[in-house]
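Source file: coords_23.pdb. Holds: PDB, C-alpha atoms, pLDDT in the B column.
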```pdb
ATOM      1  CA  THR A1098      91.201 161.122-178.854  1.00 71.00           C
ATOM      2  CA  PRO A1099      88.666 160.436-181.626  1.00 79.00           C
ATOM      3  CA  GLU A1100      86.483 163.329-182.732  1.00 85.00           C
ATOM      4  CA  TYR A1101      83.120 164.009-181.129  1.00 87.00           C
ATOM      5  CA  PRO A1102      80.196 162.527-183.075  1.00 87.00           C
ATOM      6  CA  LEU A1103      78.956 164.740-185.891  1.00 88.00           C
ATOM      7  CA  TRP A1104      75.619 165.421-184.215  1.00 88.00           C
ATOM      8  CA  ILE A1105      77.381 166.798-181.134  1.00 88.00           C
ATOM      9  CA  ARG A1106      79.701 169.032-183.150  1.00 90.00           C
ATOM     10  CA  ARG A1107      76.928 170.286-185.407  1.00 90.00           C
ATOM     11  CA  TYR A1108      73.880 170.590-183.190  1.00 90.00           C
ATOM     12  CA  LEU A1109      74.691 170.464-179.473  1.00 90.00           C
ATOM     13  CA  PRO A1110      76.454 173.864-178.964  1.00 91.00           C
ATOM     14  CA  ASN A1111      73.733 175.831-180.781  1.00 92.00           C
ATOM     15  CA  SER A1112      70.976 173.844-179.077  1.00 91.00           C
ATOM     16  CA  LEU A1113      72.430 174.533-175.630  1.00 91.00           C
ATOM     17  CA  PHE A1114      72.796 178.238-176.396  1.00 93.00           C
ATOM     18  CA  ILE A1115      69.233 178.543-177.703  1.00 92.00           C
ATOM     19  CA  GLY A1116      67.891 176.563-174.748  1.00 90.00           C
ATOM     20  CA  ILE A1117      69.630 178.818-172.216  1.00 90.00           C
ATOM     21  CA  VAL A1118      68.368 181.962-173.992  1.00 92.00           C
ATOM     22  CA  VAL A1119      64.779 180.647-174.067  1.00 88.00           C
ATOM     23  CA  TRP A1120      64.993 179.694-170.383  1.00 86.00           C
ATOM     24  CA  LEU A1121      66.240 183.204-169.524  1.00 87.00           C
ATOM     25  CA  LEU A1122      63.361 184.733-171.485  1.00 86.00           C
ATOM     26  CA  PHE A1123      60.934 182.620-169.460  1.00 82.00           C
ATOM     27  CA  GLN A1124      62.612 183.637-166.211  1.00 79.00           C
ATOM     28  CA  LEU A1125      62.604 187.350-167.104  1.00 80.00           C
ATOM     29  CA  GLY A1126      58.949 187.266-168.146  1.00 76.00           C
ATOM     30  CA  PHE A1127      59.466 188.044-171.847  1.00 73.00           C
ATOM     31  CA  ILE A1128      57.641 184.842-172.803  1.00 72.00           C
ATOM     32  CA  GLN A1129      54.137 184.626-171.363  1.00 71.00           C
ATOM     33  CA  SER A1130      52.396 181.293-171.017  1.00 69.00           C
ATOM     34  CA  GLU A1131      49.840 179.604-168.815  1.00 70.00           C
ATOM     35  CA  TRP A1132      52.491 177.044-167.980  1.00 75.00           C
ATOM     36  CA  VAL A1133      55.491 179.317-167.496  1.00 74.00           C
ATOM     37  CA  ASP A1134      57.088 177.344-164.678  1.00 77.00           C
ATOM     38  CA  LEU A1135      56.547 173.991-166.367  1.00 80.00           C
ATOM     39  CA  SER A1136      57.776 175.272-169.738  1.00 82.00           C
ATOM     40  CA  ALA A1137      60.884 176.836-168.194  1.00 82.00           C
ATOM     41  CA  THR A1138      61.615 173.630-166.298  1.00 82.00           C
ATOM     42  CA  LEU A1139      61.242 171.514-169.445  1.00 88.00           C
ATOM     43  CA  VAL A1140      63.572 173.806-171.413  1.00 87.00           C
ATOM     44  CA  LEU A1141      66.168 173.760-168.642  1.00 84.00           C
ATOM     45  CA  GLY A1142      65.768 169.994-168.420  1.00 87.00           C
ATOM     46  CA  LEU A1143      66.689 169.701-172.097  1.00 90.00           C
ATOM     47  CA  VAL A1144      69.740 171.904-171.502  1.00 88.00           C
ATOM     48  CA  VAL A1145      70.820 169.776-168.545  1.00 88.00           C
ATOM     49  CA  SER A1146      70.329 166.633-170.640  1.00 90.00           C
ATOM     50  CA  GLY A1147      72.571 168.150-173.305  1.00 90.00           C
ATOM     51  CA  TYR A1148      75.327 168.801-170.775  1.00 90.00           C
ATOM     52  CA  LEU A1149      74.946 165.266-169.448  1.00 90.00           C
ATOM     53  CA  LEU A1150      75.333 163.849-172.965  1.00 91.00           C
ATOM     54  CA  PHE A1151      78.397 166.029-173.509  1.00 90.00           C
ATOM     55  CA  SER A1152      80.044 164.864-170.284  1.00 90.00           C
ATOM     56  CA  LEU A1153      79.371 161.180-171.008  1.00 90.00           C
ATOM     57  CA  ASN A1154      80.668 161.458-174.572  1.00 90.00           C
ATOM     58  CA  THR A1155      83.772 163.316-173.399  1.00 88.00           C
ATOM     59  CA  LEU A1156      84.567 160.602-170.861  1.00 87.00           C
ATOM     60  CA  ARG A1157      83.956 157.916-173.491  1.00 88.00           C
ATOM     61  CA  LEU A1158      86.302 159.582-175.979  1.00 86.00           C
ATOM     62  CA  GLN A1159      89.000 160.079-173.364  1.00 82.00           C
ATOM     63  CA  TYR A1160      88.974 156.378-172.556  1.00 82.00           C
ATOM     64  CA  GLN A1161      89.358 155.661-176.284  1.00 80.00           C
ATOM     65  CA  ARG A1162      92.430 157.859-176.705  1.00 77.00           C
ATOM     66  CA  LYS A1163      95.415 156.313-178.452  1.00 75.00           C
ATOM     67  CA  ARG A1164      98.071 157.742-176.128  1.00 72.00           C
ATOM     68  CA  ARG A1165      97.891 155.695-172.928  1.00 68.00           C
ATOM     69  CA  VAL A1166     100.544 157.639-170.994  1.00 69.00           C
ATOM     70  CA  PRO A1167      99.067 158.999-167.713  1.00 68.00           C
ATOM     71  CA  ASP A1168      98.319 162.701-167.920  1.00 82.00           C
ATOM     72  CA  VAL A1169      97.411 165.023-165.035  1.00 88.00           C
ATOM     73  CA  THR A1170      95.370 167.175-167.406  1.00 89.00           C
ATOM     74  CA  LEU A1171      93.265 164.115-168.158  1.00 90.00           C
ATOM     75  CA  LEU A1172      92.640 163.533-164.447  1.00 92.00           C
ATOM     76  CA  PHE A1173      91.305 167.067-164.036  1.00 95.00           C
ATOM     77  CA  TRP A1174      89.160 166.763-167.168  1.00 92.00           C
ATOM     78  CA  ARG A1175      87.711 163.436-166.067  1.00 92.00           C
ATOM     79  CA  LEU A1176      86.907 164.878-162.659  1.00 95.00           C
ATOM     80  CA  GLY A1177      85.275 167.921-164.257  1.00 95.00           C
ATOM     81  CA  MET A1178      83.178 165.854-166.659  1.00 93.00           C
ATOM     82  CA  ALA A1179      82.187 163.399-163.918  1.00 94.00           C
ATOM     83  CA  MET A1180      81.095 166.306-161.716  1.00 94.00           C
ATOM     84  CA  LEU A1181      79.148 167.816-164.623  1.00 92.00           C
ATOM     85  CA  GLY A1182      77.221 164.559-164.935  1.00 91.00           C
ATOM     86  CA  CYS A1183      76.684 164.385-161.164  1.00 92.00           C
ATOM     87  CA  CYS A1184      75.387 167.966-161.081  1.00 92.00           C
ATOM     88  CA  ALA A1185      72.986 167.191-163.919  1.00 90.00           C
ATOM     89  CA  LEU A1186      71.662 164.145-162.063  1.00 90.00           C
ATOM     90  CA  LEU A1187      71.429 166.149-158.824  1.00 90.00           C
ATOM     91  CA  TRP A1188      69.361 168.824-160.562  1.00 89.00           C
ATOM     92  CA  VAL A1189      67.030 166.209-162.088  1.00 86.00           C
ATOM     93  CA  SER A1190      66.656 164.557-158.674  1.00 88.00           C
ATOM     94  CA  GLY A1191      65.753 167.914-157.151  1.00 87.00           C
ATOM     95  CA  LYS A1192      63.017 168.434-159.740  1.00 84.00           C
ATOM     96  CA  LEU A1193      61.612 164.910-159.526  1.00 82.00           C
ATOM     97  CA  PHE A1194      61.743 164.680-155.741  1.00 87.00           C
ATOM     98  CA  PRO A1195      60.673 167.945-154.042  1.00 86.00           C
ATOM     99  CA  PRO A1196      62.202 167.035-150.630  1.00 89.00           C
ATOM    100  CA  ILE A1197      65.626 166.994-152.327  1.00 88.00           C
ATOM    101  CA  GLY A1198      65.049 170.187-154.306  1.00 86.00           C
ATOM    102  CA  ASN A1199      63.649 172.040-151.285  1.00 90.00           C
ATOM    103  CA  SER A1200      66.499 170.992-149.020  1.00 89.00           C
ATOM    104  CA  ARG A1201      68.686 173.844-147.779  1.00 89.00           C
ATOM    105  CA  TYR A1202      71.732 171.874-148.921  1.00 90.00           C
ATOM    106  CA  PHE A1203      70.563 171.487-152.523  1.00 92.00           C
ATOM    107  CA  SER A1204      71.638 174.859-153.958  1.00 92.00           C
ATOM    108  CA  ILE A1205      74.927 174.860-152.041  1.00 94.00           C
ATOM    109  CA  LEU A1206      75.866 171.377-153.248  1.00 94.00           C
ATOM    110  CA  LEU A1207      74.920 172.279-156.809  1.00 93.00           C
ATOM    111  CA  GLY A1208      77.025 175.440-156.640  1.00 94.00           C
ATOM    112  CA  ILE A1209      80.038 173.622-155.194  1.00 95.00           C
ATOM    113  CA  GLY A1210      79.745 170.925-157.829  1.00 95.00           C
ATOM    114  CA  LEU A1211      79.517 173.353-160.749  1.00 94.00           C
ATOM    115  CA  LEU A1212      82.111 175.890-159.596  1.00 95.00           C
ATOM    116  CA  GLN A1213      84.700 173.868-157.714  1.00 95.00           C
ATOM    117  CA  GLY A1214      83.976 170.494-159.269  1.00 95.00           C
ATOM    118  CA  VAL A1215      83.443 171.394-162.929  1.00 95.00           C
ATOM    119  CA  ALA A1216      84.808 174.855-163.729  1.00 95.00           C
ATOM    120  CA  LEU A1217      87.851 174.892-161.448  1.00 96.00           C
ATOM    121  CA  SER A1218      88.829 171.321-162.315  1.00 96.00           C
ATOM    122  CA  ILE A1219      88.826 172.035-166.050  1.00 95.00           C
ATOM    123  CA  VAL A1220      90.680 175.345-165.589  1.00 96.00           C
ATOM    124  CA  ASN A1221      93.352 173.578-163.508  1.00 96.00           C
ATOM    125  CA  GLY A1222      93.765 170.886-166.117  1.00 93.00           C
ATOM    126  CA  MET A1223      94.022 173.337-168.999  1.00 94.00           C
ATOM    127  CA  LEU A1224      96.603 175.461-167.169  1.00 95.00           C
ATOM    128  CA  TYR A1225      98.832 172.406-166.771  1.00 94.00           C
ATOM    129  CA  LYS A1226      98.567 171.843-170.513  1.00 92.00           C
ATOM    130  CA  ILE A1227      98.697 175.421-171.816  1.00 94.00           C
ATOM    131  CA  VAL A1228     101.436 177.009-169.670  1.00 94.00           C
ATOM    132  CA  PRO A1229     104.140 174.350-170.282  1.00 92.00           C
ATOM    133  CA  PHE A1230     103.257 174.280-173.984  1.00 93.00           C
ATOM    134  CA  LEU A1231     103.534 178.054-174.359  1.00 93.00           C
ATOM    135  CA  CYS A1232     106.855 178.086-172.481  1.00 91.00           C
ATOM    136  CA  TRP A1233     108.243 175.345-174.714  1.00 90.00           C
ATOM    137  CA  PHE A1234     106.784 176.869-177.892  1.00 90.00           C
ATOM    138  CA  HIS A1235     108.249 180.348-177.355  1.00 88.00           C
ATOM    139  CA  LEU A1236     111.654 178.974-176.376  1.00 85.00           C
ATOM    140  CA  GLN A1237     111.658 176.738-179.435  1.00 86.00           C
ATOM    141  CA  ASN A1238     110.804 179.680-181.690  1.00 85.00           C
ATOM    142  CA  ARG A1239     113.516 181.807-180.091  1.00 84.00           C
ATOM    143  CA  GLN A1240     116.080 179.047-180.519  1.00 79.00           C
ATOM    144  CA  LEU A1241     115.213 178.585-184.195  1.00 80.00           C
ATOM    145  CA  ALA A1242     115.240 182.334-184.823  1.00 78.00           C
ATOM    146  CA  LEU A1243     118.740 182.635-183.305  1.00 76.00           C
ATOM    147  CA  MET A1244     119.936 179.317-184.741  1.00 76.00           C
ATOM    148  CA  CYS A1245     121.399 178.536-181.330  1.00 73.00           C
ATOM    149  CA  MET A1246     121.344 174.752-181.210  1.00 73.00           C
ATOM    150  CA  THR A1247     123.887 174.446-178.392  1.00 76.00           C
ATOM    151  CA  VAL A1248     121.318 175.345-175.718  1.00 76.00           C
ATOM    152  CA  ARG A1249     119.255 172.379-174.584  1.00 81.00           C
ATOM    153  CA  MET A1250     115.522 172.983-174.712  1.00 81.00           C
ATOM    154  CA  PRO A1251     113.573 171.509-171.772  1.00 83.00           C
ATOM    155  CA  HIS A1252     110.643 169.319-172.765  1.00 82.00           C
ATOM    156  CA  MET A1253     107.144 170.109-171.546  1.00 81.00           C
ATOM    157  CA  LYS A1254     107.221 167.739-168.579  1.00 84.00           C
ATOM    158  CA  GLU A1255     110.233 169.622-167.174  1.00 86.00           C
ATOM    159  CA  PHE A1256     108.306 172.863-166.740  1.00 90.00           C
ATOM    160  CA  VAL A1257     105.825 171.265-164.328  1.00 91.00           C
ATOM    161  CA  SER A1258     106.676 167.824-163.015  1.00 89.00           C
ATOM    162  CA  ASP A1259     103.977 165.157-163.021  1.00 89.00           C
ATOM    163  CA  LYS A1260     104.506 164.488-159.316  1.00 92.00           C
ATOM    164  CA  SER A1261     103.884 168.122-158.342  1.00 93.00           C
ATOM    165  CA  ALA A1262     100.815 168.343-160.557  1.00 94.00           C
ATOM    166  CA  GLN A1263      99.448 165.054-159.193  1.00 94.00           C
ATOM    167  CA  ARG A1264      99.914 166.255-155.612  1.00 95.00           C
ATOM    168  CA  GLN A1265      97.926 169.356-156.432  1.00 96.00           C
ATOM    169  CA  PHE A1266      95.225 167.253-158.096  1.00 97.00           C
ATOM    170  CA  HIS A1267      94.867 165.120-154.965  1.00 96.00           C
ATOM    171  CA  LEU A1268      94.633 168.269-152.829  1.00 97.00           C
ATOM    172  CA  HIS A1269      92.000 169.660-155.192  1.00 97.00           C
ATOM    173  CA  LEU A1270      90.001 166.420-155.096  1.00 97.00           C
ATOM    174  CA  THR A1271      90.210 166.193-151.298  1.00 97.00           C
ATOM    175  CA  GLY A1272      89.170 169.834-150.988  1.00 96.00           C
ATOM    176  CA  LEU A1273      86.176 169.179-153.245  1.00 96.00           C
ATOM    177  CA  VAL A1274      85.052 166.258-151.078  1.00 96.00           C
ATOM    178  CA  PHE A1275      85.468 168.309-147.896  1.00 96.00           C
ATOM    179  CA  ALA A1276      83.549 171.220-149.454  1.00 96.00           C
ATOM    180  CA  ALA A1277      80.654 168.921-150.380  1.00 94.00           C
ATOM    181  CA  VAL A1278      80.540 167.495-146.855  1.00 95.00           C
ATOM    182  CA  ALA A1279      80.834 171.022-145.414  1.00 94.00           C
ATOM    183  CA  ALA A1280      77.594 171.936-147.189  1.00 92.00           C
ATOM    184  CA  VAL A1281      75.841 169.419-144.933  1.00 92.00           C
ATOM    185  CA  ILE A1282      78.041 169.589-141.801  1.00 93.00           C
ATOM    186  CA  PRO A1283      79.504 173.117-141.890  1.00 91.00           C
ATOM    187  CA  ASN A1284      80.628 173.296-138.261  1.00 92.00           C
ATOM    188  CA  TRP A1285      83.169 170.498-138.644  1.00 92.00           C
ATOM    189  CA  PHE A1286      84.207 170.661-142.280  1.00 94.00           C
ATOM    190  CA  SER A1287      83.965 174.274-143.508  1.00 93.00           C
ATOM    191  CA  ARG A1288      87.368 175.370-142.159  1.00 96.00           C
ATOM    192  CA  PRO A1289      89.254 172.254-143.331  1.00 95.00           C
ATOM    193  CA  ALA A1290      87.570 172.627-146.734  1.00 96.00           C
ATOM    194  CA  ALA A1291      88.642 176.274-146.942  1.00 96.00           C
ATOM    195  CA  ALA A1292      92.190 175.382-145.882  1.00 97.00           C
ATOM    196  CA  LEU A1293      92.430 172.652-148.517  1.00 96.00           C
ATOM    197  CA  PHE A1294      91.080 175.048-151.141  1.00 96.00           C
ATOM    198  CA  ILE A1295      93.735 177.636-150.273  1.00 97.00           C
ATOM    199  CA  VAL A1296      96.566 175.083-150.163  1.00 97.00           C
ATOM    200  CA  SER A1297      95.508 173.505-153.462  1.00 97.00           C
ATOM    201  CA  ASN A1298      95.378 176.799-155.332  1.00 96.00           C
ATOM    202  CA  SER A1299      98.603 177.975-153.695  1.00 97.00           C
ATOM    203  CA  MET A1300     100.287 174.826-154.968  1.00 97.00           C
ATOM    204  CA  LEU A1301      98.857 175.479-158.433  1.00 96.00           C
ATOM    205  CA  LEU A1302     100.366 178.968-158.328  1.00 97.00           C
ATOM    206  CA  PHE A1303     103.699 177.565-157.143  1.00 96.00           C
ATOM    207  CA  ASN A1304     103.772 174.999-159.964  1.00 96.00           C
ATOM    208  CA  LEU A1305     103.054 177.674-162.564  1.00 95.00           C
ATOM    209  CA  LEU A1306     105.752 179.932-161.106  1.00 95.00           C
ATOM    210  CA  VAL A1307     108.209 177.036-161.381  1.00 94.00           C
ATOM    211  CA  ALA A1308     107.318 176.802-165.072  1.00 94.00           C
ATOM    212  CA  VAL A1309     107.881 180.543-165.522  1.00 93.00           C
ATOM    213  CA  ARG A1310     111.225 180.323-163.714  1.00 93.00           C
ATOM    214  CA  LYS A1311     112.321 177.460-165.964  1.00 92.00           C
ATOM    215  CA  TYR A1312     111.291 179.479-169.002  1.00 89.00           C
ATOM    216  CA  ARG A1313     113.238 182.559-167.909  1.00 91.00           C
ATOM    217  CA  SER A1314     116.359 180.621-166.964  1.00 88.00           C
ATOM    218  CA  THR A1315     116.426 178.937-170.384  1.00 85.00           C
ATOM    219  CA  LEU A1316     115.711 182.236-172.134  1.00 85.00           C
ATOM    220  CA  LYS A1317     118.743 183.810-170.441  1.00 85.00           C
ATOM    221  CA  LEU A1318     120.948 181.134-171.968  1.00 82.00           C
ATOM    222  CA  LEU A1319     119.725 182.195-175.404  1.00 79.00           C
ATOM    223  CA  LEU A1320     119.962 185.967-174.928  1.00 72.00           C
ATOM    224  CA  PRO A1321     123.808 186.258-175.003  1.00 62.00           C
ATOM    225  CA  THR A1322     123.765 184.632-178.444  1.00 51.00           C
ATOM    226  CA  MET A1323     121.530 187.302-179.974  1.00 51.00           C
ATOM    227  CA  PRO A1324     123.097 189.206-182.881  1.00 51.00           C
ATOM    228  CA  GLY A1325     124.615 192.547-181.855  1.00 49.00           C
ATOM    229  CA  THR A1326     125.091 191.480-178.230  1.00 45.00           C
ATOM    230  CA  VAL A1327     128.592 191.063-176.886  1.00 42.00           C
ATOM    231  CA  SER A1328     129.323 190.358-173.226  1.00 42.00           C
ATOM    232  CA  GLY A1329     125.850 191.493-172.246  1.00 43.00           C
ATOM    233  CA  SER A1330     126.133 194.928-173.927  1.00 41.00           C
ATOM    234  CA  SER A1331     124.570 195.960-177.229  1.00 41.00           C
ATOM    235  CA  THR A1332     126.705 197.206-180.081  1.00 40.00           C
ATOM    236  CA  THR A1333     125.532 198.915-183.198  1.00 38.00           C
ATOM    237  CA  ALA A1334     127.039 198.650-186.638  1.00 33.00           C
TER     238      ALA A1334
END
```
Give the structure from this file in structure tokens form.
Amino acid sequence: TPEYPLWIRRYLPNSLFIGIVVWLLFQLGFIQSEWVDLSATLVLGLVVSGYLLFSLNTLRLQYQRKRRVPDVTLLFWRLGMAMLGCCALLWVSGKLFPPIGNSRYFSILLGIGLLQGVALSIVNGMLYKIVPFLCWFHLQNRQLALMCMTVRMPHMKEFVSDKSAQRQFHLHLTGLVFAAVAAVIPNWFSRPAAALFIVSNSMLLFNLLVAVRKYRSTLKLLLPTMPGTVSGSSTTA
């Protein structure tokens, strides 16, 4: 993808950090003012606006990427960024319209959106990118160190298949929808939402274990070729 605009790279991270610190100081009473609540709300509003700008720019850059091959990691990132924008708009709606902010569903929906919708989605997506890459990278280094070019190195897509990762993404997305509905209708949807959450994360674990198994099976093919190893036993000069 293209780089983030210069103003985002240079100013946004520090601005968000400073804004969160100032808001915490207001909340903890270290900053005294006649308009404490209003000032704290304005500061937090600027922070939320910053996150909204970040999510919109991230989605824009992802749609401008040069590599058009479908990627499960991209699906998780798009979901996470979309949910970040939705949570920002939900928070603004709660501040502008008191009936929304005072609703007993407001905090639960915001928490589900931020934790399950944003954080967990991005973590899932990064795991599907990082784990296969590390498996491939370490095997490649081992192969080059041993100069064993007869062993075929699996490519990254072989560690976790796209179909398995996409199935888990759909389970994660369905579980997120059920969790959001369960915040409003808990009697009917809380147990299905919990079941989908467990199944989705269990499938994530299974997919990562498949990657580890593929890594170990390929590593075993390289081990017999290590110098000083004959028929599985070490010999010393």
- request: For atom CA of A:Phe1266 and atom CA of A:Gly1210, determine how far apart the two atoms are, in Å to one decimal place.
  value: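 Separating atom CA of A:Phe1266 from atom CA of A:Gly1210 is a distance of 15.9 Å.
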task: Kindly resolve the PyMOL selection byres ((chain A and resi 1168) around 10) on the present coordinates and return the residues as number ranges by chain.
output: A: 1164-1167, 1169-1173, 1222, 1225-1226, 1259, 1262-1263
Per residue of stretch 1119-1156 of chain A within 9 Å of stretch 1174-1177 of chain A, which atom pair is closest and at what distance in Å (one decimal), using only C-alpha atoms, listed by chain and increasing number, as JSON lines?
```
{"residue": "A:Ser1152", "atom": "CA", "partner": "A:Gly1177", "partner_atom": "CA", "distance": 8.5}
{"residue": "A:Thr1155", "atom": "CA", "partner": "A:Arg1175", "partner_atom": "CA", "distance": 8.3}
{"residue": "A:Leu1156", "atom": "CA", "partner": "A:Arg1175", "partner_atom": "CA", "distance": 6.4}
```
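You will find atom CA of A:Phe1303 at 16.6 Å from atom CA of A:Leu1217.
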query: Which polymer residues have any atom within 12 Å of an atom of A:Leu1181, counting only C-alpha atoms, with same-chain residues fewer than 5 positions away left out, as a PyMOL selection string?
result: chain A and resi 1145-1156+1174-1176+1186-1188+1207-1219
Write the residues of the selection above to a file with C-alpha atoms, as a compact mmCIF listing (two decimals), keeping the file's coordinate frame.
```
# COMPACT_ATOMS: atom_id res chain seq x y z
CA VAL A 1145 70.82 169.78 -168.54
CA SER A 1146 70.33 166.63 -170.64
CA GLY A 1147 72.57 168.15 -173.30
CA TYR A 1148 75.33 168.80 -170.78
CA LEU A 1149 74.95 165.27 -169.45
CA LEU A 1150 75.33 163.85 -172.96
CA PHE A 1151 78.40 166.03 -173.51
CA SER A 1152 80.04 164.86 -170.28
CA LEU A 1153 79.37 161.18 -171.01
CA ASN A 1154 80.67 161.46 -174.57
CA THR A 1155 83.77 163.32 -173.40
CA LEU A 1156 84.57 160.60 -170.86
CA TRP A 1174 89.16 166.76 -167.17
CA ARG A 1175 87.71 163.44 -166.07
CA LEU A 1176 86.91 164.88 -162.66
CA LEU A 1186 71.66 164.14 -162.06
CA LEU A 1187 71.43 166.15 -158.82
CA TRP A 1188 69.36 168.82 -160.56
CA LEU A 1207 74.92 172.28 -156.81
CA GLY A 1208 77.03 175.44 -156.64
CA ILE A 1209 80.04 173.62 -155.19
CA GLY A 1210 79.74 170.92 -157.83
CA LEU A 1211 79.52 173.35 -160.75
CA LEU A 1212 82.11 175.89 -159.60
CA GLN A 1213 84.70 173.87 -157.71
CA GLY A 1214 83.98 170.49 -159.27
CA VAL A 1215 83.44 171.39 -162.93
CA ALA A 1216 84.81 174.86 -163.73
CA LEU A 1217 87.85 174.89 -161.45
CA SER A 1218 88.83 171.32 -162.32
CA ILE A 1219 88.83 172.04 -166.05
```
task: Between atom CA of A:Pro1102 and atom CA of A:Gly1142, measure the distance and give it in Å to one decimal.
output: 21.9 Å
message: From the options A:Leu1270, A:Val1257, A:Ile1197, A:Met1180, which residue's atoms come nearest to A:Arg1310, counting all atoms listed in the file?
response: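 With all atoms listed in the file as the atom set, the closest residue is A:Val1257.
By all atoms listed in the file, and with residues fewer than 5 positions from A:Trp1233 along its chain excluded, the set lying at most 9 Å from it is Val1228, Asn1238, Met1250, Pro1251, His1252, Met1253, Phe1256 and Tyr1312 of chain A.
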message: Could you check which residues have any atom within 12 Å of (104.1, 175.7, -156.8), counting all atoms listed in the file with coordinates taken straight from the file, and then list them as a ChimeraX atom specification?
response: /A:1225,1256-1258,1260-1265,1296-1310
